[in-house]
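Shown below: run16.txt, with compact mmCIF, C-alpha atoms.
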# COMPACT_ATOMS: atom_id res chain seq x y z
CA MET A 1 -102.20 5.13 -33.70
CA SER A 2 -103.90 3.69 -36.76
CA ALA A 3 -105.86 0.47 -37.08
CA VAL A 4 -103.00 -1.15 -38.99
CA ASN A 5 -100.55 -0.41 -36.23
CA SER A 6 -102.92 -1.25 -33.38
CA SER A 7 -103.26 -4.79 -34.73
CA LEU A 8 -99.58 -5.36 -33.81
CA PRO A 9 -98.16 -6.95 -36.97
CA SER A 10 -95.79 -9.89 -36.92
CA PHE A 11 -92.52 -9.94 -38.88
CA ILE A 12 -90.71 -12.68 -40.79
CA LEU A 13 -87.10 -13.33 -39.83
CA MET A 14 -84.78 -14.38 -42.64
CA GLY A 15 -82.17 -17.11 -42.85
CA ILE A 16 -79.62 -17.52 -45.63
CA PHE A 17 -80.87 -20.67 -47.35
CA ASP A 18 -84.30 -21.93 -48.36
CA THR A 19 -84.02 -25.41 -46.84
CA ASN A 20 -83.71 -26.47 -43.23
CA ASP A 21 -80.93 -28.97 -44.01
CA GLU A 22 -78.61 -26.22 -45.24
CA HIS A 23 -79.46 -24.05 -42.22
CA ILE A 24 -78.54 -26.89 -39.87
CA TRP A 25 -75.08 -27.07 -41.45
CA LEU A 26 -74.69 -23.30 -41.06
CA SER A 27 -75.84 -23.49 -37.46
CA ILE A 28 -72.90 -25.75 -36.49
CA PRO A 29 -70.14 -23.09 -36.79
CA LEU A 30 -72.50 -20.46 -35.36
CA CYS A 31 -73.21 -22.68 -32.36
CA VAL A 32 -69.48 -23.13 -31.83
CA LEU A 33 -69.01 -19.34 -31.92
CA TYR A 34 -71.92 -18.80 -29.52
CA MET A 35 -70.54 -21.43 -27.11
CA LEU A 36 -67.08 -19.86 -27.24
CA SER A 37 -68.63 -16.44 -26.60
CA VAL A 38 -70.64 -17.60 -23.58
CA LEU A 39 -67.73 -19.61 -22.15
CA GLY A 40 -65.04 -16.97 -22.80
CA ASN A 41 -66.98 -13.98 -21.50
CA SER A 42 -68.31 -15.88 -18.47
CA LEU A 43 -64.75 -16.90 -17.65
CA ILE A 44 -63.53 -13.29 -17.89
CA LEU A 45 -66.33 -12.17 -15.54
CA PHE A 46 -65.55 -14.98 -13.11
CA ILE A 47 -61.80 -14.41 -12.86
CA VAL A 48 -62.11 -10.62 -12.55
CA ARG A 49 -64.57 -11.09 -9.71
CA THR A 50 -62.64 -13.79 -7.85
CA ASP A 51 -59.00 -12.70 -8.36
CA ARG A 52 -58.17 -9.76 -6.08
CA GLN A 53 -55.14 -8.82 -8.18
CA LEU A 54 -57.54 -7.94 -11.00
CA HIS A 55 -59.60 -5.53 -8.89
CA GLU A 56 -58.29 -2.57 -10.87
CA PRO A 57 -60.15 -0.10 -13.12
CA MET A 58 -58.75 -1.61 -16.32
CA TYR A 59 -60.09 -5.06 -15.46
CA PHE A 60 -63.42 -3.76 -14.18
CA LEU A 61 -63.89 -2.11 -17.58
CA LEU A 62 -62.89 -5.38 -19.24
CA SER A 63 -65.51 -7.23 -17.20
CA MET A 64 -68.12 -4.67 -18.28
CA LEU A 65 -67.18 -5.30 -21.92
CA ALA A 66 -67.46 -9.05 -21.31
CA ALA A 67 -70.92 -8.51 -19.78
CA THR A 68 -72.11 -6.59 -22.87
CA ASP A 69 -70.70 -9.30 -25.18
CA LEU A 70 -72.43 -11.97 -23.15
CA GLY A 71 -75.65 -9.95 -23.19
CA MET A 72 -75.55 -9.56 -26.98
CA THR A 73 -75.08 -13.31 -27.38
CA LEU A 74 -78.00 -14.18 -25.10
CA ILE A 75 -80.29 -11.54 -26.68
CA THR A 76 -79.85 -12.84 -30.23
CA LEU A 77 -79.32 -16.56 -29.60
CA PRO A 78 -83.02 -17.58 -29.42
CA THR A 79 -84.13 -16.04 -32.74
CA VAL A 80 -80.96 -16.88 -34.72
CA LEU A 81 -80.93 -20.55 -33.71
CA GLY A 82 -84.74 -20.69 -33.93
CA VAL A 83 -84.50 -19.75 -37.61
CA LEU A 84 -81.53 -22.00 -38.36
CA TRP A 85 -82.68 -25.09 -36.45
CA PHE A 86 -86.47 -25.06 -36.45
CA GLN A 87 -87.47 -22.56 -39.17
CA PHE A 88 -89.21 -20.41 -36.51
CA ARG A 89 -89.35 -17.29 -38.66
CA THR A 90 -92.35 -15.40 -37.25
CA ILE A 91 -91.73 -12.91 -34.44
CA GLY A 92 -94.33 -10.74 -32.73
CA PHE A 93 -94.23 -6.95 -32.87
CA ASN A 94 -93.54 -6.33 -29.16
CA VAL A 95 -90.98 -9.14 -28.93
CA CYS A 96 -89.20 -7.77 -32.00
CA LEU A 97 -89.11 -4.22 -30.61
CA THR A 98 -87.80 -5.51 -27.27
CA GLN A 99 -85.00 -7.47 -28.92
CA MET A 100 -84.15 -4.53 -31.19
CA TYR A 101 -83.96 -2.12 -28.23
CA PHE A 102 -81.61 -4.36 -26.24
CA ILE A 103 -79.39 -5.04 -29.29
CA HIS A 104 -78.92 -1.32 -29.93
CA SER A 105 -78.57 -0.30 -26.27
CA VAL A 106 -76.00 -3.05 -25.61
CA THR A 107 -74.08 -1.98 -28.73
CA ALA A 108 -74.08 1.68 -27.60
CA THR A 109 -72.97 0.59 -24.12
CA GLY A 110 -70.13 -1.48 -25.60
CA SER A 111 -68.97 1.49 -27.65
CA ALA A 112 -68.93 3.72 -24.55
CA ILE A 113 -66.94 1.09 -22.64
CA LEU A 114 -64.30 1.14 -25.40
CA VAL A 115 -64.06 4.93 -24.95
CA ALA A 116 -63.59 4.49 -21.19
CA MET A 117 -60.91 1.84 -21.80
CA ALA A 118 -59.08 4.17 -24.22
CA PHE A 119 -59.21 6.97 -21.62
CA ASP A 120 -57.95 4.49 -19.00
CA ARG A 121 -54.91 3.68 -21.18
CA TYR A 122 -54.36 7.38 -21.93
CA VAL A 123 -54.19 8.32 -18.24
CA ALA A 124 -52.11 5.24 -17.34
CA ILE A 125 -49.48 5.99 -20.01
CA CYS A 126 -49.55 9.80 -20.31
CA ASN A 127 -50.16 10.67 -16.64
CA PRO A 128 -49.28 7.57 -14.59
CA LEU A 129 -48.73 9.41 -11.29
CA ARG A 130 -52.36 10.57 -11.26
CA TYR A 131 -53.87 7.31 -12.54
CA ALA A 132 -54.93 5.96 -9.15
CA SER A 133 -56.36 9.26 -7.94
CA ILE A 134 -58.35 9.76 -11.17
CA PHE A 135 -59.68 6.30 -11.93
CA HIS A 136 -60.14 4.50 -8.61
CA PRO A 137 -62.79 6.89 -7.22
CA MET A 138 -64.41 7.32 -10.67
CA ILE A 139 -64.81 3.75 -11.90
CA SER A 140 -68.31 3.19 -10.46
CA LYS A 141 -69.48 6.56 -11.82
CA ILE A 142 -68.02 5.72 -15.25
CA GLY A 143 -69.93 2.44 -15.18
CA LEU A 144 -73.21 4.21 -14.38
CA VAL A 145 -72.68 6.82 -17.12
CA VAL A 146 -71.78 4.17 -19.70
CA VAL A 147 -74.85 2.02 -18.96
CA GLY A 148 -77.12 5.05 -18.53
CA ARG A 149 -76.18 6.46 -21.92
CA GLY A 150 -76.75 3.15 -23.71
CA VAL A 151 -80.12 2.61 -22.04
CA SER A 152 -81.45 6.16 -22.46
CA ILE A 153 -80.28 7.16 -25.93
CA MET A 154 -81.84 4.10 -27.58
CA LEU A 155 -85.15 4.30 -25.67
CA PRO A 156 -86.94 6.51 -28.27
CA GLN A 157 -86.26 4.01 -31.07
CA PRO A 158 -89.00 1.47 -30.19
CA LEU A 159 -91.35 4.34 -29.32
CA LEU A 160 -90.81 5.88 -32.76
CA LEU A 161 -91.46 2.54 -34.44
CA THR A 162 -94.79 2.07 -32.65
CA ARG A 163 -96.19 5.21 -34.30
CA LEU A 164 -95.66 3.79 -37.81
CA ASP A 165 -98.05 1.71 -39.93
CA TYR A 166 -96.80 -1.56 -41.40
CA CYS A 167 -98.44 -2.96 -44.50
CA GLY A 168 -97.41 -5.23 -47.34
CA ASN A 169 -93.95 -6.79 -46.98
CA LYS A 170 -93.13 -7.99 -43.43
CA LYS A 171 -89.82 -9.73 -44.23
CA LEU A 172 -86.75 -8.59 -42.32
CA HIS A 173 -83.22 -8.99 -43.70
CA HIS A 174 -81.86 -10.79 -40.64
CA ALA A 175 -82.59 -13.49 -38.09
CA PHE A 176 -82.85 -10.71 -35.49
CA CYS A 177 -84.58 -7.33 -35.25
CA PHE A 178 -82.58 -4.27 -36.33
CA PHE A 179 -83.80 -0.65 -36.30
CA PRO A 180 -83.06 0.30 -39.97
CA ASP A 181 -84.54 -3.02 -41.08
CA LEU A 182 -87.84 -2.48 -39.23
CA MET A 183 -88.05 1.15 -40.31
CA LYS A 184 -87.94 0.22 -44.01
CA LEU A 185 -91.06 -1.96 -43.67
CA ALA A 186 -93.24 1.00 -42.69
CA CYS A 187 -95.70 2.37 -45.25
CA THR A 188 -95.90 5.80 -43.59
CA ASP A 189 -93.43 8.70 -43.37
CA ILE A 190 -90.20 7.72 -41.57
CA THR A 191 -88.43 11.10 -41.67
CA VAL A 192 -88.40 11.45 -37.86
CA ASN A 193 -87.06 7.91 -37.50
CA ASN A 194 -84.30 8.61 -40.04
CA ILE A 195 -83.30 11.82 -38.26
CA TYR A 196 -83.19 10.17 -34.84
CA GLY A 197 -81.29 7.18 -36.24
CA LEU A 198 -78.67 9.53 -37.68
CA PHE A 199 -78.55 11.45 -34.39
CA THR A 200 -77.83 8.28 -32.38
CA VAL A 201 -75.10 7.22 -34.83
CA ILE A 202 -73.38 10.64 -34.56
CA VAL A 203 -73.75 11.01 -30.78
CA THR A 204 -72.63 7.48 -29.99
CA PHE A 205 -70.46 5.74 -32.56
CA CYS A 206 -69.01 8.75 -34.43
CA LEU A 207 -68.10 10.70 -31.28
CA ASP A 208 -66.90 7.54 -29.53
CA SER A 209 -64.58 6.62 -32.40
CA LEU A 210 -63.19 10.19 -32.44
CA PHE A 211 -62.50 10.09 -28.68
CA ILE A 212 -60.77 6.71 -29.06
CA LEU A 213 -58.69 8.00 -31.98
CA PHE A 214 -57.72 11.15 -30.03
CA SER A 215 -56.71 9.07 -26.98
CA TYR A 216 -54.42 6.85 -29.03
CA LEU A 217 -52.89 9.76 -30.92
CA MET A 218 -51.97 11.29 -27.55
CA ILE A 219 -50.63 7.92 -26.37
CA LEU A 220 -48.57 7.59 -29.57
CA LYS A 221 -47.17 11.10 -29.09
CA THR A 222 -46.15 10.24 -25.51
CA LEU A 223 -44.52 6.95 -26.56
CA LEU A 224 -42.57 8.59 -29.41
CA THR A 225 -41.13 11.22 -27.06
CA SER A 226 -40.36 8.72 -24.30
CA ALA A 227 -36.68 8.14 -23.56
CA SER A 228 -37.23 4.51 -22.59
CA LYS A 229 -37.76 2.14 -25.53
CA GLU A 230 -38.55 -0.72 -23.15
CA LYS A 231 -41.31 1.33 -21.50
CA SER A 232 -42.71 2.31 -24.90
CA LEU A 233 -42.82 -1.31 -26.12
CA LYS A 234 -44.50 -2.47 -22.92
CA ALA A 235 -47.11 0.29 -23.16
CA PHE A 236 -47.76 -0.45 -26.84
CA SER A 237 -48.19 -4.14 -26.05
CA THR A 238 -50.76 -3.23 -23.39
CA CYS A 239 -52.67 -1.09 -25.90
CA ALA A 240 -52.48 -3.63 -28.75
CA SER A 241 -55.27 -5.81 -27.35
CA HIS A 242 -57.57 -2.82 -26.93
CA ILE A 243 -56.87 -1.54 -30.46
CA SER A 244 -57.68 -5.01 -31.82
CA VAL A 245 -60.96 -5.09 -29.90
CA VAL A 246 -61.88 -1.61 -31.15
CA LEU A 247 -61.33 -2.68 -34.78
CA ILE A 248 -63.24 -5.93 -34.30
CA PHE A 249 -66.13 -3.99 -32.75
CA TYR A 250 -66.41 -1.18 -35.30
CA ILE A 251 -65.65 -2.95 -38.61
CA PRO A 252 -68.67 -5.35 -38.56
CA LEU A 253 -70.89 -2.55 -37.18
CA ILE A 254 -69.86 -0.14 -39.94
CA GLY A 255 -70.23 -2.90 -42.53
CA LEU A 256 -73.75 -3.72 -41.35
CA THR A 257 -74.77 -0.04 -41.33
CA MET A 258 -73.32 0.56 -44.80
CA ALA A 259 -75.03 -2.55 -46.15
CA HIS A 260 -78.40 -1.18 -45.04
CA ARG A 261 -77.90 2.41 -46.14
CA TYR A 262 -75.94 2.18 -49.38
CA ALA A 263 -76.06 -1.38 -50.75
CA LYS A 264 -79.68 -1.33 -51.89
CA ASN A 265 -78.92 -3.03 -55.20
CA ALA A 266 -76.47 -5.54 -53.77
CA SER A 267 -77.21 -9.18 -53.05
CA PRO A 268 -79.53 -9.75 -50.04
CA LEU A 269 -76.82 -12.07 -48.72
CA LEU A 270 -74.61 -9.05 -47.96
CA PRO A 271 -76.64 -7.65 -45.01
CA LEU A 272 -77.28 -11.23 -43.82
CA ALA A 273 -73.55 -12.03 -43.79
CA MET A 274 -72.68 -8.71 -42.11
CA GLY A 275 -75.41 -9.36 -39.54
CA PHE A 276 -73.97 -12.74 -38.59
CA LEU A 277 -70.46 -11.25 -38.36
CA TYR A 278 -71.77 -8.40 -36.19
CA LEU A 279 -73.43 -10.86 -33.79
CA SER A 280 -70.69 -13.47 -33.47
CA ILE A 281 -67.17 -12.25 -34.24
CA PRO A 282 -66.60 -9.46 -31.63
CA GLN A 283 -68.29 -11.42 -28.82
CA THR A 284 -66.18 -14.51 -29.58
CA LEU A 285 -62.80 -12.89 -30.24
CA ASN A 286 -62.74 -10.30 -27.42
CA PRO A 287 -62.13 -12.74 -24.53
CA ILE A 288 -59.63 -14.68 -26.67
CA ILE A 289 -57.65 -11.52 -27.47
CA TYR A 290 -57.52 -10.35 -23.86
CA SER A 291 -56.62 -13.83 -22.62
CA MET A 292 -53.73 -14.05 -25.08
CA LYS A 293 -52.46 -10.46 -24.88
CA THR A 294 -52.84 -9.62 -21.17
CA LYS A 295 -50.32 -11.27 -18.84
CA GLN A 296 -52.45 -10.77 -15.70
CA ILE A 297 -55.47 -12.41 -17.34
CA ARG A 298 -53.33 -15.35 -18.50
CA SER A 299 -51.93 -15.82 -14.98
CA ALA A 300 -55.41 -15.69 -13.43
CA LEU A 301 -56.71 -18.20 -15.98
CA ARG A 302 -53.84 -20.61 -15.23
CA LYS A 303 -54.54 -20.26 -11.51
CA GLN A 304 -58.24 -21.05 -11.97
CA LEU A 305 -57.86 -23.86 -14.51
CA PHE A 306 -54.77 -25.59 -13.17

Output the file's structure as structure tokens, nothing else.
Amino acid sequence: MSAVNSSLPSFILMGIFDTNDEHIWLSIPLCVLYMLSVLGNSLILFIVRTDRQLHEPMYFLLSMLAATDLGMTLITLPTVLGVLWFQFRTIGFNVCLTQMYFIHSVTATGSAILVAMAFDRYVAICNPLRYASIFHPMISKIGLVVVGRGVSIMLPQPLLLTRLDYCGNKKLHHAFCFFPDLMKLACTDITVNNIYGLFTVIVTFCLDSLFILFSYLMILKTLLTSASKEKSLKAFSTCASHISVVLIFYIPLIGLTMAHRYAKNASPLLPLAMGFLYLSIPQTLNPIIYSMKTKQIRSALRKQLF
């Protein structure tokens, strides 16, 4: 490792505005979203754990998704609010790499959970007689595979960044550390980093989205050939919440990735805005969607609150 890299450079986190007063105003809606995320996801975790009627594979997967949403909120909260409230823009090299690793590994884990939830719905609707025998003994193994993939596949990213030299501009495009953002600040060859970044995108998000799409195409085929309209409507209603969550997860993620790769001449506000959407919208809306769309969750919430 070179002398430049061994000195462990610091990076500058970016807000949207130049003055602290304007950042404080922006921090108010973000704080509301963060509070809703923490409260909503904590409540989902609590009711799934305490209500025995929710001790089913579908709800265990939902609690895993809530845990990743809660984790993403807690990982990014200190730096985002530090920039918006106190203008704490400087972040150390090791701290930045640690935050970046957890952001990407939690995102990959969340994507894998959505695949498992789609497979859960596929088996429940297309092969209901075998649902219990397939999912009940497998749910703990699915959890281990999901977490293991997210943790392991993103591990090389911080290691690849430590081999680079950083000189000149140290300004990031966000109030958090993001792999493509850090990579662009290097003044040495980043070909290996680019290749591995593309590999992780293909192996995780591209393949995951294809598996989800395939699962729902098979579900749609089953529902269209079903003789019972009532059964089809009930099954579609069950899937609607998951489809909404999938869209809310992937749209900000794709927007953020596209902003970094292809919007080089666009306003710097574009990646900033996509970054804030990526950090706040899925984590806030997921527990709200499942609370509104899932009858069992609504009943458990009423039992706990009233």

My list of candidates is A:Met35, A:Val95, A:Val151, A:Leu54. Which is closest to A:Ala300 when distances are computed with all atoms listed in the file?
A:Leu54

In Å, rounded to a single decimal, give me how far atom CA of A:Thr200 is from atom CA of A:Ile243.
23.2 Å

For A:Leu70: contacts at 7 Å, all atoms listed in the file, fewer than 6 positions along chain excluded, given as an NGL selection string
:A and (37-38 or 41)

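Across A:Ile202, A:Ile219, A:Cys167, A:Ile139, the tightest approach to A:His55 is made by A:Ile139 when counting all atoms listed in the file.
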
Measuring between all atoms listed in the file, which one of A:Lys229, A:Lys221, A:Lys293, A:His260 shows the shortest distance to A:Cys126?
A:Lys221

When distances are computed from all atoms listed in the file, which of A:Val147, A:Cys177, A:Leu62, A:Leu159 shows the smallest separation from A:Pro78?
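Smallest distance to A:Pro78 is found for A:Cys177.
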
Residues at most 9 Å from A:Tyr250, counting only C-alpha atoms, excluding those fewer than 3 positions away in the same chain, as a short mmCIF file (atom, residue, chain, number, x, y, z; two decimals) with C-alpha atoms, in the coordinates of the input?
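Final output, out04.cif:
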data_model
loop_
_atom_site.label_atom_id
_atom_site.label_comp_id
_atom_site.auth_asym_id
_atom_site.auth_seq_id
_atom_site.Cartn_x
_atom_site.Cartn_y
_atom_site.Cartn_z
CA SER A 111 -68.97 1.49 -27.65
CA PHE A 205 -70.46 5.74 -32.56
CA SER A 209 -64.58 6.62 -32.40
CA VAL A 245 -60.96 -5.09 -29.90
CA VAL A 246 -61.88 -1.61 -31.15
CA LEU A 247 -61.33 -2.68 -34.78
CA LEU A 253 -70.89 -2.55 -37.18
CA ILE A 254 -69.86 -0.14 -39.94
CA GLY A 255 -70.23 -2.90 -42.53
#

Two-atom distance - atom CA of A:Leu220, atom CA of A:Ser237 (Å)
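Spanning atom CA of A:Leu220 to atom CA of A:Ser237 is a straight-line distance of 12.3 Å.
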
Could you pull the residues within 8 Å of A:Ala108, counting only C-alpha atoms, minus those fewer than 5 positions along the same chain, as a list of chain:residue names?
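These residues fall inside the cut-off: A:Arg149, A:Gly150, A:Thr204, A:Phe205.
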
Using all atoms listed in the file, pick whichever of A:Ala240, A:Ile297, A:Cys31, A:Val106 has the shortest atom-to-atom distance to A:Thr50.
A:Ile297

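Residues within 8 Å of A:Ser27, counting all atoms listed in the file and excluding same-chain residues fewer than 6 positions away, are Leu81, Leu84 and Trp85 of chain A.
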
Take the residues from that selection and write them out as a PDB file, in the coordinates of the input, keeping C-alpha atoms.
ATOM      1  CA  LEU A  81     -80.930 -20.550 -33.710  1.00  0.00           C
ATOM      2  CA  LEU A  84     -81.530 -22.000 -38.360  1.00  0.00           C
ATOM      3  CA  TRP A  85     -82.680 -25.090 -36.450  1.00  0.00           C
TER       4      TRP A  85
END
